[in-house]
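Structure data follow from model-v4.pdb (PDB, C-alpha atoms):
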MODEL        1
ATOM      1  CA  MET G  26      32.153 -34.645  -6.708
ATOM      2  CA  VAL G  27      31.469 -36.554  -9.913
ATOM      3  CA  GLU G  28      31.777 -34.316 -12.957
ATOM      4  CA  PHE G  29      29.627 -34.371 -16.076
ATOM      5  CA  VAL G  30      30.621 -32.104 -18.962
ATOM      6  CA  LEU G  31      27.375 -31.736 -20.858
ATOM      7  CA  ASN G  32      26.932 -30.759 -24.491
ATOM      8  CA  ARG G  33      24.386 -30.539 -27.286
ATOM      9  CA  ARG G  34      24.119 -34.355 -27.484
ATOM     10  CA  HIS G  35      23.118 -34.551 -23.797
ATOM     11  CA  LEU G  36      20.556 -31.807 -24.294
ATOM     12  CA  LEU G  37      18.996 -33.657 -27.217
ATOM     13  CA  ALA G  38      18.915 -36.838 -25.117
ATOM     14  CA  ALA G  39      16.990 -34.911 -22.473
ATOM     15  CA  GLY G  40      14.292 -34.227 -25.042
ATOM     16  CA  LEU G  41      14.750 -30.484 -25.397
ATOM     17  CA  GLY G  42      14.498 -30.564 -29.189
ATOM     18  CA  ALA G  43      16.797 -30.365 -32.192
ATOM     19  CA  ALA G  44      15.077 -27.300 -33.634
ATOM     20  CA  ALA G  45      15.640 -25.245 -30.506
ATOM     21  CA  LEU G  46      19.283 -26.248 -30.366
ATOM     22  CA  ALA G  47      19.782 -25.508 -34.036
ATOM     23  CA  ALA G  48      18.658 -21.958 -33.345
ATOM     24  CA  SER G  49      21.076 -21.561 -30.428
ATOM     25  CA  PRO G  50      24.157 -19.455 -31.163
ATOM     26  CA  ARG G  51      27.431 -21.342 -31.290
ATOM     27  CA  ARG G  52      30.416 -20.108 -29.321
ATOM     28  CA  PRO G  53      33.127 -18.504 -31.445
ATOM     29  CA  LEU G  54      36.312 -20.532 -31.278
ATOM     30  CA  ALA G  55      38.412 -17.528 -30.257
ATOM     31  CA  GLU G  56      36.183 -16.525 -27.358
ATOM     32  CA  GLU G  57      37.268 -17.420 -23.839
ATOM     33  CA  PRO G  58      34.017 -18.373 -22.050
ATOM     34  CA  MET G  59      33.338 -17.941 -18.359
ATOM     35  CA  ARG G  60      33.413 -21.133 -16.300
ATOM     36  CA  ALA G  61      30.054 -22.219 -14.879
ATOM     37  CA  VAL G  62      30.435 -25.338 -12.729
ATOM     38  CA  ILE G  63      26.987 -26.340 -11.459
ATOM     39  CA  VAL G  64      26.762 -28.617  -8.405
ATOM     40  CA  SER G  65      23.484 -30.474  -7.982
ATOM     41  CA  GLY G  66      22.662 -33.638  -5.991
ATOM     42  CA  GLY G  67      22.569 -37.416  -6.082
ATOM     43  CA  VAL G  68      20.997 -39.882  -8.477
ATOM     44  CA  GLY G  69      17.310 -40.471  -7.743
ATOM     45  CA  GLY G  70      16.478 -36.915  -6.702
ATOM     46  CA  VAL G  71      15.460 -33.806  -8.651
ATOM     47  CA  PHE G  72      18.586 -31.645  -8.257
ATOM     48  CA  TYR G  73      20.655 -34.072 -10.325
ATOM     49  CA  PRO G  74      18.609 -34.136 -13.566
ATOM     50  CA  TYR G  75      17.732 -30.446 -13.179
ATOM     51  CA  GLY G  76      21.414 -29.597 -12.879
ATOM     52  CA  GLN G  77      22.278 -31.666 -15.945
ATOM     53  CA  ILE G  78      19.654 -29.921 -18.029
ATOM     54  CA  LEU G  79      20.703 -26.475 -16.828
ATOM     55  CA  ALA G  80      24.387 -27.114 -17.528
ATOM     56  CA  SER G  81      23.608 -28.539 -20.968
ATOM     57  CA  LEU G  82      21.368 -25.674 -21.969
ATOM     58  CA  LEU G  83      23.684 -22.904 -20.788
ATOM     59  CA  SER G  84      26.715 -24.497 -22.413
ATOM     60  CA  ALA G  85      24.887 -25.056 -25.693
ATOM     61  CA  SER G  86      23.016 -21.769 -25.981
ATOM     62  CA  VAL G  87      25.086 -19.079 -24.235
ATOM     63  CA  PRO G  88      28.368 -18.370 -26.065
ATOM     64  CA  ALA G  89      29.868 -16.610 -23.033
ATOM     65  CA  LEU G  90      29.531 -19.663 -20.759
ATOM     66  CA  ALA G  91      31.251 -23.041 -20.574
ATOM     67  CA  ALA G  92      28.967 -24.956 -18.225
ATOM     68  CA  SER G  93      29.462 -28.365 -16.659
ATOM     69  CA  GLY G  94      27.487 -30.307 -14.071
ATOM     70  CA  GLN G  95      28.790 -32.092 -10.999
ATOM     71  CA  MET G  96      26.921 -34.692  -8.974
ATOM     72  CA  THR G  97      27.219 -34.162  -5.193
ATOM     73  CA  ARG G  98      25.526 -35.260  -1.982
ATOM     74  CA  GLY G  99      23.324 -32.159  -2.123
ATOM     75  CA  SER G 100      22.682 -28.803  -0.488
ATOM     76  CA  VAL G 101      25.209 -28.799   2.350
ATOM     77  CA  ASP G 102      28.090 -29.936   0.151
ATOM     78  CA  ASN G 103      27.047 -27.463  -2.521
ATOM     79  CA  ALA G 104      27.139 -24.516  -0.123
ATOM     80  CA  ARG G 105      30.686 -25.453   0.859
ATOM     81  CA  PHE G 106      31.789 -25.812  -2.763
ATOM     82  CA  ILE G 107      30.351 -22.384  -3.589
ATOM     83  CA  HIS G 108      32.012 -20.812  -0.546
ATOM     84  CA  ARG G 109      35.388 -22.295  -1.502
ATOM     85  CA  ARG G 110      34.856 -21.174  -5.127
ATOM     86  CA  GLU G 111      35.200 -24.786  -6.271
ATOM     87  CA  ALA G 112      31.852 -24.393  -8.010
ATOM     88  CA  ASP G 113      30.015 -21.406  -9.440
ATOM     89  CA  ILE G 114      26.308 -22.268  -9.154
ATOM     90  CA  GLY G 115      24.685 -24.676  -6.709
ATOM     91  CA  PHE G 116      21.308 -26.168  -5.921
ATOM     92  CA  SER G 117      20.209 -25.863  -2.295
ATOM     93  CA  THR G 118      17.177 -26.002  -0.098
ATOM     94  CA  LEU G 119      16.473 -22.641   1.501
ATOM     95  CA  ASP G 120      17.027 -23.891   5.051
ATOM     96  CA  SER G 121      20.514 -25.186   4.203
ATOM     97  CA  ALA G 122      21.421 -21.888   2.532
ATOM     98  CA  TYR G 123      20.105 -19.995   5.559
ATOM     99  CA  ASP G 124      22.101 -22.160   7.968
ATOM    100  CA  ALA G 125      25.183 -21.684   5.778
ATOM    101  CA  ILE G 126      25.166 -17.882   5.845
ATOM    102  CA  HIS G 127      24.602 -17.918   9.626
ATOM    103  CA  GLY G 128      27.055 -20.721  10.477
ATOM    104  CA  THR G 129      24.384 -22.796  12.210
ATOM    105  CA  GLY G 130      22.994 -26.323  11.919
ATOM    106  CA  ALA G 131      25.171 -28.452   9.650
ATOM    107  CA  PHE G 132      27.553 -25.491   9.293
ATOM    108  CA  ALA G 133      28.242 -24.892  12.989
ATOM    109  CA  ALA G 134      31.846 -26.008  12.553
ATOM    110  CA  ASP G 135      32.306 -24.076   9.289
ATOM    111  CA  GLY G 136      31.364 -20.618  10.426
ATOM    112  CA  LYS G 137      29.404 -18.275   8.194
ATOM    113  CA  LEU G 138      29.685 -19.147   4.520
ATOM    114  CA  ASP G 139      29.788 -16.689   1.656
ATOM    115  CA  LEU G 140      26.804 -17.246  -0.607
ATOM    116  CA  CYS G 141      23.553 -15.706  -1.773
ATOM    117  CA  VAL G 142      20.566 -16.549  -3.961
ATOM    118  CA  LEU G 143      20.580 -16.500  -7.759
ATOM    119  CA  ALA G 144      17.005 -17.738  -8.346
ATOM    120  CA  VAL G 145      14.101 -19.399  -6.565
ATOM    121  CA  LEU G 146      13.179 -22.636  -8.372
ATOM    122  CA  TYR G 147      10.445 -24.817  -6.829
ATOM    123  CA  ASP G 148       9.384 -26.306  -3.495
ATOM    124  CA  SER G 149      10.512 -29.632  -2.052
ATOM    125  CA  TYR G 150       8.271 -31.798   0.111
ATOM    126  CA  LEU G 151       9.233 -33.870   3.100
ATOM    127  CA  HIS G 152       8.726 -37.608   2.575
ATOM    128  CA  ILE G 153       8.760 -39.941   5.583
ATOM    129  CA  VAL G 154       8.470 -43.367   4.006
ATOM    130  CA  ALA G 155       8.046 -46.625   5.941
ATOM    131  CA  ALA G 156       7.525 -50.277   5.072
ATOM    132  CA  GLY G 157       3.823 -51.011   5.441
ATOM    133  CA  ASP G 158       4.324 -54.320   7.265
ATOM    134  CA  LYS G 159       6.297 -52.884  10.223
ATOM    135  CA  GLY G 160       3.450 -51.405  12.252
ATOM    136  CA  ILE G 161       4.722 -47.860  11.679
ATOM    137  CA  SER G 162       2.085 -45.153  11.334
ATOM    138  CA  ARG G 163       3.611 -42.077  13.006
ATOM    139  CA  ILE G 164       7.025 -40.641  13.784
ATOM    140  CA  SER G 165       7.082 -41.945  17.370
ATOM    141  CA  ASP G 166       6.842 -45.476  15.936
ATOM    142  CA  LEU G 167      10.336 -45.015  14.525
ATOM    143  CA  LYS G 168      11.817 -45.447  18.005
ATOM    144  CA  GLY G 169      14.254 -48.359  17.944
ATOM    145  CA  ARG G 170      13.847 -48.781  14.179
ATOM    146  CA  ARG G 171      16.396 -48.762  11.384
ATOM    147  CA  VAL G 172      15.965 -45.367   9.727
ATOM    148  CA  SER G 173      17.844 -43.594   6.957
ATOM    149  CA  VAL G 174      17.979 -39.836   7.552
ATOM    150  CA  GLY G 175      19.617 -38.898   4.252
ATOM    151  CA  SER G 176      23.233 -38.474   3.230
ATOM    152  CA  THR G 177      25.604 -37.186   5.895
ATOM    153  CA  GLY G 178      25.398 -33.415   6.056
ATOM    154  CA  SER G 179      22.524 -33.202   3.584
ATOM    155  CA  SER G 180      19.473 -30.971   3.880
ATOM    156  CA  THR G 181      17.420 -34.149   4.283
ATOM    157  CA  GLU G 182      19.424 -35.038   7.387
ATOM    158  CA  THR G 183      18.920 -31.541   8.812
ATOM    159  CA  ILE G 184      15.159 -31.639   8.302
ATOM    160  CA  ALA G 185      14.865 -35.244   9.517
ATOM    161  CA  ASP G 186      16.539 -34.356  12.810
ATOM    162  CA  ARG G 187      14.389 -31.262  13.304
ATOM    163  CA  VAL G 188      11.168 -33.119  12.551
ATOM    164  CA  MET G 189      12.018 -36.005  14.874
ATOM    165  CA  GLU G 190      12.910 -33.597  17.669
ATOM    166  CA  ALA G 191       9.591 -31.764  17.201
ATOM    167  CA  ALA G 192       7.812 -35.119  17.506
ATOM    168  CA  GLY G 193       9.628 -35.917  20.769
ATOM    169  CA  LEU G 194      12.056 -38.455  19.304
ATOM    170  CA  HIS G 195      15.801 -38.114  19.860
ATOM    171  CA  PRO G 196      17.269 -38.388  16.335
ATOM    172  CA  HIS G 197      20.598 -39.852  17.441
ATOM    173  CA  ALA G 198      19.799 -41.908  20.535
ATOM    174  CA  GLU G 199      16.414 -43.446  19.745
ATOM    175  CA  ILE G 200      16.779 -44.775  16.211
ATOM    176  CA  GLU G 201      19.307 -46.990  14.480
ATOM    177  CA  ARG G 202      20.644 -44.342  12.169
ATOM    178  CA  PHE G 203      21.705 -44.781   8.533
ATOM    179  CA  ASN G 204      22.961 -42.102   6.148
ATOM    180  CA  PHE G 205      21.764 -43.132   2.705
ATOM    181  CA  GLY G 206      20.850 -40.946  -0.251
ATOM    182  CA  VAL G 207      17.344 -41.339  -1.638
ATOM    183  CA  ALA G 208      18.219 -44.002  -4.222
ATOM    184  CA  GLU G 209      20.121 -46.088  -1.685
ATOM    185  CA  SER G 210      17.354 -45.547   0.900
ATOM    186  CA  ALA G 211      14.752 -46.859  -1.532
ATOM    187  CA  ASP G 212      16.894 -49.911  -2.301
ATOM    188  CA  ALA G 213      17.515 -50.526   1.411
ATOM    189  CA  LEU G 214      13.798 -50.358   2.237
ATOM    190  CA  LYS G 215      13.008 -52.714  -0.605
ATOM    191  CA  SER G 216      15.603 -55.246   0.549
ATOM    192  CA  GLY G 217      14.578 -54.983   4.226
ATOM    193  CA  ARG G 218      17.827 -53.429   5.457
ATOM    194  CA  ILE G 219      15.945 -50.435   6.887
ATOM    195  CA  ASP G 220      12.397 -49.887   8.121
ATOM    196  CA  ALA G 221      11.898 -46.264   7.045
ATOM    197  CA  PHE G 222      13.615 -43.296   5.470
ATOM    198  CA  PHE G 223      13.400 -39.521   5.238
ATOM    199  CA  TRP G 224      13.702 -37.565   2.006
ATOM    200  CA  ILE G 225      13.131 -33.933   1.081
ATOM    201  CA  GLY G 226      12.611 -33.493  -2.642
ATOM    202  CA  GLY G 227      10.419 -32.523  -5.548
ATOM    203  CA  LEU G 228       7.278 -34.287  -6.692
ATOM    204  CA  PRO G 229       7.503 -36.890  -7.887
ATOM    205  CA  THR G 230      10.937 -38.131  -6.837
ATOM    206  CA  ALA G 231      12.025 -40.885  -9.217
ATOM    207  CA  ALA G 232      13.484 -43.219  -6.590
ATOM    208  CA  VAL G 233      10.299 -43.071  -4.501
ATOM    209  CA  SER G 234       8.089 -43.449  -7.575
ATOM    210  CA  ASN G 235       9.922 -46.575  -8.662
ATOM    211  CA  LEU G 236       9.756 -48.071  -5.174
ATOM    212  CA  ALA G 237       6.035 -47.343  -4.808
ATOM    213  CA  ALA G 238       5.270 -48.731  -8.262
ATOM    214  CA  SER G 239       7.083 -51.978  -7.447
ATOM    215  CA  GLY G 240       4.678 -52.700  -4.584
ATOM    216  CA  THR G 241       7.482 -54.316  -2.586
ATOM    217  CA  PRO G 242       7.126 -53.397   0.143
ATOM    218  CA  LYS G 243       3.787 -51.633   0.340
ATOM    219  CA  LEU G 244       4.609 -48.111   1.507
ATOM    220  CA  VAL G 245       3.239 -45.953   4.300
ATOM    221  CA  PHE G 246       3.840 -42.187   4.177
ATOM    222  CA  LEU G 247       3.979 -40.783   7.717
ATOM    223  CA  PRO G 248       2.439 -37.399   8.563
ATOM    224  CA  THR G 249       4.739 -34.606   9.720
ATOM    225  CA  GLU G 250       3.787 -33.658  13.282
ATOM    226  CA  ASN G 251       3.960 -30.445  15.350
ATOM    227  CA  LEU G 252       4.292 -28.141  12.360
ATOM    228  CA  GLU G 253       3.608 -25.094  14.538
ATOM    229  CA  ALA G 254       6.569 -25.960  16.775
ATOM    230  CA  ILE G 255       8.801 -26.363  13.724
ATOM    231  CA  ASP G 256       7.724 -22.985  12.370
ATOM    232  CA  LYS G 257       8.329 -21.343  15.743
ATOM    233  CA  ALA G 258      11.816 -22.820  15.987
ATOM    234  CA  TYR G 259      12.743 -22.074  12.350
ATOM    235  CA  PRO G 260      10.602 -19.123  11.234
ATOM    236  CA  GLY G 261      10.342 -18.432   7.529
ATOM    237  CA  LEU G 262      12.042 -21.630   6.391
ATOM    238  CA  TYR G 263       9.291 -24.241   6.261
ATOM    239  CA  ARG G 264       5.609 -24.110   5.303
ATOM    240  CA  PRO G 265       2.800 -26.575   6.048
ATOM    241  CA  ALA G 266       1.923 -28.647   2.990
ATOM    242  CA  SER G 267       0.281 -31.855   1.875
ATOM    243  CA  LEU G 268       1.818 -34.715  -0.022
ATOM    244  CA  PRO G 269      -0.992 -35.292  -2.569
ATOM    245  CA  LYS G 270      -2.472 -38.767  -2.733
ATOM    246  CA  THR G 271      -1.966 -38.756  -6.509
ATOM    247  CA  THR G 272       1.817 -38.458  -6.169
ATOM    248  CA  TYR G 273       2.801 -42.099  -5.701
ATOM    249  CA  ALA G 274       1.241 -45.475  -6.456
ATOM    250  CA  GLY G 275      -0.656 -46.950  -3.522
ATOM    251  CA  MET G 276      -1.406 -43.658  -1.742
ATOM    252  CA  THR G 277      -5.040 -43.349  -0.687
ATOM    253  CA  GLU G 278      -5.070 -39.942   1.027
ATOM    254  CA  ASP G 279      -3.173 -36.682   1.220
ATOM    255  CA  VAL G 280      -0.450 -36.725   3.893
ATOM    256  CA  PRO G 281       0.355 -33.692   6.105
ATOM    257  CA  SER G 282       3.894 -32.600   5.347
ATOM    258  CA  LEU G 283       6.078 -29.522   5.076
ATOM    259  CA  GLU G 284       7.689 -27.825   2.139
ATOM    260  CA  VAL G 285      10.842 -25.790   1.699
ATOM    261  CA  ALA G 286      11.909 -23.632  -1.224
ATOM    262  CA  ASN G 287      14.769 -24.730  -3.473
ATOM    263  CA  VAL G 288      17.140 -22.088  -4.751
ATOM    264  CA  LEU G 289      20.166 -21.641  -6.938
ATOM    265  CA  ILE G 290      23.058 -20.173  -4.972
ATOM    266  CA  VAL G 291      26.235 -18.335  -5.960
ATOM    267  CA  SER G 292      29.059 -16.689  -4.090
ATOM    268  CA  SER G 293      28.372 -13.116  -3.066
ATOM    269  CA  LYS G 294      31.744 -12.385  -4.680
ATOM    270  CA  ALA G 295      30.606 -13.740  -8.053
ATOM    271  CA  GLU G 296      31.203 -11.231 -10.856
ATOM    272  CA  PRO G 297      28.045  -9.247 -11.702
ATOM    273  CA  ARG G 298      28.607  -9.985 -15.405
ATOM    274  CA  PHE G 299      28.614 -13.703 -14.693
ATOM    275  CA  VAL G 300      25.386 -13.516 -12.661
ATOM    276  CA  THR G 301      23.600 -11.429 -15.283
ATOM    277  CA  THR G 302      24.787 -13.655 -18.139
ATOM    278  CA  VAL G 303      23.550 -16.806 -16.375
ATOM    279  CA  LEU G 304      20.144 -15.304 -15.608
ATOM    280  CA  GLU G 305      19.745 -13.962 -19.133
ATOM    281  CA  GLY G 306      20.640 -17.403 -20.470
ATOM    282  CA  ILE G 307      18.155 -19.149 -18.202
ATOM    283  CA  PHE G 308      15.216 -16.904 -18.954
ATOM    284  CA  ALA G 309      15.918 -16.624 -22.676
ATOM    285  CA  ASN G 310      15.479 -20.411 -22.724
ATOM    286  CA  VAL G 311      12.958 -20.826 -19.922
ATOM    287  CA  GLU G 312      10.453 -22.768 -22.032
ATOM    288  CA  LEU G 313      13.105 -25.360 -22.879
ATOM    289  CA  ILE G 314      13.957 -25.709 -19.197
ATOM    290  CA  ARG G 315      10.274 -25.959 -18.247
ATOM    291  CA  SER G 316       9.777 -28.810 -20.694
ATOM    292  CA  SER G 317      12.668 -30.833 -19.297
ATOM    293  CA  HIS G 318      11.309 -32.047 -15.933
ATOM    294  CA  PRO G 319       8.030 -31.881 -13.940
ATOM    295  CA  GLU G 320       9.565 -29.648 -11.277
ATOM    296  CA  ALA G 321      11.222 -27.413 -13.872
ATOM    297  CA  LYS G 322       7.731 -26.524 -15.120
ATOM    298  CA  LYS G 323       7.425 -24.322 -12.039
ATOM    299  CA  LEU G 324      10.286 -22.037 -13.062
ATOM    300  CA  SER G 325       9.180 -18.551 -14.059
ATOM    301  CA  LEU G 326      10.579 -15.037 -13.920
ATOM    302  CA  GLU G 327       7.793 -14.090 -11.496
ATOM    303  CA  THR G 328       8.619 -16.800  -8.951
ATOM    304  CA  ALA G 329      12.405 -16.752  -9.398
ATOM    305  CA  GLY G 330      12.526 -13.180  -8.075
ATOM    306  CA  LEU G 331      10.679 -13.819  -4.817
ATOM    307  CA  ARG G 332      12.661 -12.608  -1.808
ATOM    308  CA  THR G 333      13.544 -15.234   0.798
ATOM    309  CA  ALA G 334      15.343 -15.383   4.133
ATOM    310  CA  VAL G 335      18.622 -15.498   2.157
ATOM    311  CA  PRO G 336      19.473 -12.320   0.199
ATOM    312  CA  PHE G 337      19.851 -12.239  -3.567
ATOM    313  CA  HIS G 338      23.201 -11.535  -5.169
ATOM    314  CA  PRO G 339      23.137  -7.772  -5.925
ATOM    315  CA  ALA G 340      23.328  -8.419  -9.681
ATOM    316  CA  ALA G 341      20.454 -10.902  -9.452
ATOM    317  CA  GLU G 342      18.389  -8.402  -7.478
ATOM    318  CA  ALA G 343      19.086  -5.766 -10.126
ATOM    319  CA  PHE G 344      18.114  -8.232 -12.882
ATOM    320  CA  TYR G 345      14.746  -9.042 -11.298
ATOM    321  CA  ALA G 346      14.080  -5.399 -10.444
ATOM    322  CA  GLU G 347      14.670  -4.382 -14.048
ATOM    323  CA  LYS G 348      12.218  -7.078 -15.186
ATOM    324  CA  GLY G 349       9.614  -5.990 -12.617
ATOM    325  CA  ALA G 350       9.834  -9.436 -10.993
ATOM    326  CA  LEU G 351      11.441  -8.576  -7.648
ATOM    327  CA  LYS G 352       8.923  -9.177  -4.857
TER     328      LYS G 352
ENDMDL
END
What is this file in structure tokens?
Amino acid sequence: MVEFVLNRRHLLAAGLGAAALAASPRRPLAEEPMRAVIVSGGVGGVFYPYGQILASLLSASVPALAASGQMTRGSVDNARFIHRREADIGFSTLDSAYDAIHGTGAFAADGKLDLCVLAVLYDSYLHIVAAGDKGISRISDLKGRRVSVGSTGSSTETIADRVMEAAGLHPHAEIERFNFGVAESADALKSGRIDAFFWIGGLPTAAVSNLAASGTPKLVFLPTENLEAIDKAYPGLYRPASLPKTTYAGMTEDVPSLEVANVLIVSSKAEPRFVTTVLEGIFANVELIRSSHPEAKKLSLETAGLRTAVPFHPAAEAFYAEKGALK
């Protein structure tokens, strides 16, 4: 993990406004705040900047919390950090959190991990990005190609393998496999080291936006196939979606894809006071968070309290129920 201790200066740099920060209560020097280590994701994705903003805002505006952000490889690592109590709040895709509490998928060797949901944030979309000059137009065309499936143990890798299997492609035997994060995948495609890459993330994802805008190479976004088979195999985790043609430079049509919810996770053993304090801090400052990033605009009390296949922490459930937002 790479740690970032974030303060009022970072929050101002993120564009959240001096006036709002001036109105935020300052922490009394004698008070011993609760630790709030937030694990996010890698550079180039959405978890990373979202985590920075969240840590900055909570640390600056909630006297009872001392928040810091840590850059990680993403959902799978974050679930393990939460389980081991090495972190207090983590970003995760819903499917990774579900696999974690059941000890399946990437967590088959870990056993069942101890975590639950704090809040539902926004949906991520599957990107299957290929160089336009390689004759690749569908997933089966990836056979024998150099393909990045995301960082080792990431939610991107999990989804990539499931999608390739649903399309009839063996994800380990029939591609030349690389484990790059989204920023490294974009650089590798640009330099010709790989032919395609998978990524699951918010819209737009900065690394993909920059690559598409460069025009080198011209990009092809592959459609996700056999969505019904994926839903049957993993019910309640993925939903059919479209990658809108307005998302990235050079796109000319919407691309069939899938989406998965992103959630904040905590240990089920987290103190109720901690959970309630974090949620009160988030939703007392929700407009600041919403102004910080395109995907953060989707955060609301009404959507954060939506039940998923992974249970809420009891204190979070009580918080949403009290607000009339538990659905």
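With all atoms listed in the file as the atoms that count, the residue of G:Lys257, G:Glu57, G:Tyr345, G:Gly69 with the shortest distance to Glu305 in chain G is G:Tyr345.
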Apply the PyMOL selection byres ((chain G and resi 266) around 7) to the file shown and report the selected residues as a list in words.
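Expected selection for the PyMOL selection byres ((chain G and resi 266) around 7) here is Arg264, Pro265, Ser267, Leu268, Pro281, Ser282, Leu283 and Glu284 of chain G.
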Give the answer as one residue: which of G:Met189, G:Val101, G:Leu82, G:Val68 has the shortest atom-to-atom distance to Arg315 in chain G, using all atoms listed in the file?
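Using all atoms listed in the file, Arg315 in chain G sits closest to G:Leu82.
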With distances taken over only C-alpha atoms, the candidate from G:Ala321, G:Ile200, G:Ala80, G:Leu326 nearest Ala309 in chain G is G:Leu326
When you count all atoms listed in the file, which of these residues is closest to Tyr147 in chain G: G:Leu228, G:Ile219, G:Leu351, G:Val245?
G:Leu228
Smallest atom-to-atom distance to Asp139 in chain G: which of G:Ser292, G:Gln77, G:Thr271, G:Asn310, using all atoms listed in the file?
G:Ser292
d(CA of Ile225 in chain G, CA of Tyr150 in chain G) in Å:
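Separation between CA of Ile225 in chain G and CA of Tyr150 in chain G: 5.4 Å.
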Name every residue that the PyMOL selection byres ((chain G and resi 174) around 8) selects in this structure, writing the answer as a list in words with chains first and numbers rising.
Val172, Ser173, Gly175, Ser176, Thr181, Glu182, Ala185, Asp186, Arg202, Phe203, Asn204, Phe205, Phe222, Phe223 and Trp224 of chain G
Starting from the PyMOL selection byres ((chain G and resi 165) around 9), expand the selection into actual residues of this file and give them as a PyMOL selection string.
chain G and resi 161-164+166-168+189+192-194
Of the listed residues G:Ala254, G:Ala350, G:Ala89, G:Ile290, that which approaches Leu143 in chain G most closely, counting only C-alpha atoms:
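Closest to Leu143 in chain G, using only C-alpha atoms: G:Ile290.
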List the spatial neighbours of Ala213 in chain G as a ChimeraX atom specification - criterion: any atom at most 12 Å away, all atoms listed in the file, same-chain residues fewer than 2 positions off excluded.
/G:154-156,171-173,203-211,215-222,232-233,236,241-242
Could you state the separation of CA of Ala144 in chain G and CA of Ser86 in chain G in Å, given to one decimal place?
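CA of Ser86 in chain G lies 19.1 Å from CA of Ala144 in chain G.
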Can you work out the spacing between CA of Ile63 in chain G and CA of Ser93 in chain G in Å, to one decimal?
6.1 Å
Which range 206-316 of chain G residues have any atom within 10 Å of an atom of range 339-344 of chain G, and for each, what is the nearest pair of atoms with distance in Å to one decimal, counting all atoms listed in the file, rows sorted by chain and number, as JSON lines?
{"residue": "G:Ser293", "atom": "CA", "partner": "G:Pro339", "partner_atom": "CA", "distance": 8.0}
{"residue": "G:Lys294", "atom": "CA", "partner": "G:Pro339", "partner_atom": "CA", "distance": 9.8}
{"residue": "G:Ala295", "atom": "CA", "partner": "G:Ala340", "partner_atom": "CA", "distance": 9.2}
{"residue": "G:Glu296", "atom": "CA", "partner": "G:Ala340", "partner_atom": "CA", "distance": 8.4}
{"residue": "G:Pro297", "atom": "CA", "partner": "G:Ala340", "partner_atom": "CA", "distance": 5.2}
{"residue": "G:Arg298", "atom": "CA", "partner": "G:Ala340", "partner_atom": "CA", "distance": 7.9}
{"residue": "G:Phe299", "atom": "CA", "partner": "G:Ala340", "partner_atom": "CA", "distance": 9.0}
{"residue": "G:Val300", "atom": "CA", "partner": "G:Ala340", "partner_atom": "CA", "distance": 6.3}
{"residue": "G:Thr301", "atom": "CA", "partner": "G:Ala340", "partner_atom": "CA", "distance": 6.4}
{"residue": "G:Val303", "atom": "CA", "partner": "G:Ala341", "partner_atom": "CA", "distance": 9.6}
{"residue": "G:Leu304", "atom": "CA", "partner": "G:Ala341", "partner_atom": "CA", "distance": 7.6}
{"residue": "G:Glu305", "atom": "CA", "partner": "G:Phe344", "partner_atom": "CA", "distance": 8.6}
Determine, counting all atoms listed in the file, every residue of protein, DNA or RNA that lies within 10 Å of (24.7, -26.8, 0.8) in the file coordinates, then give the result as a ChimeraX atom specification.
/G:64-66,97-108,115-125,131-132,138,140,178-180,290
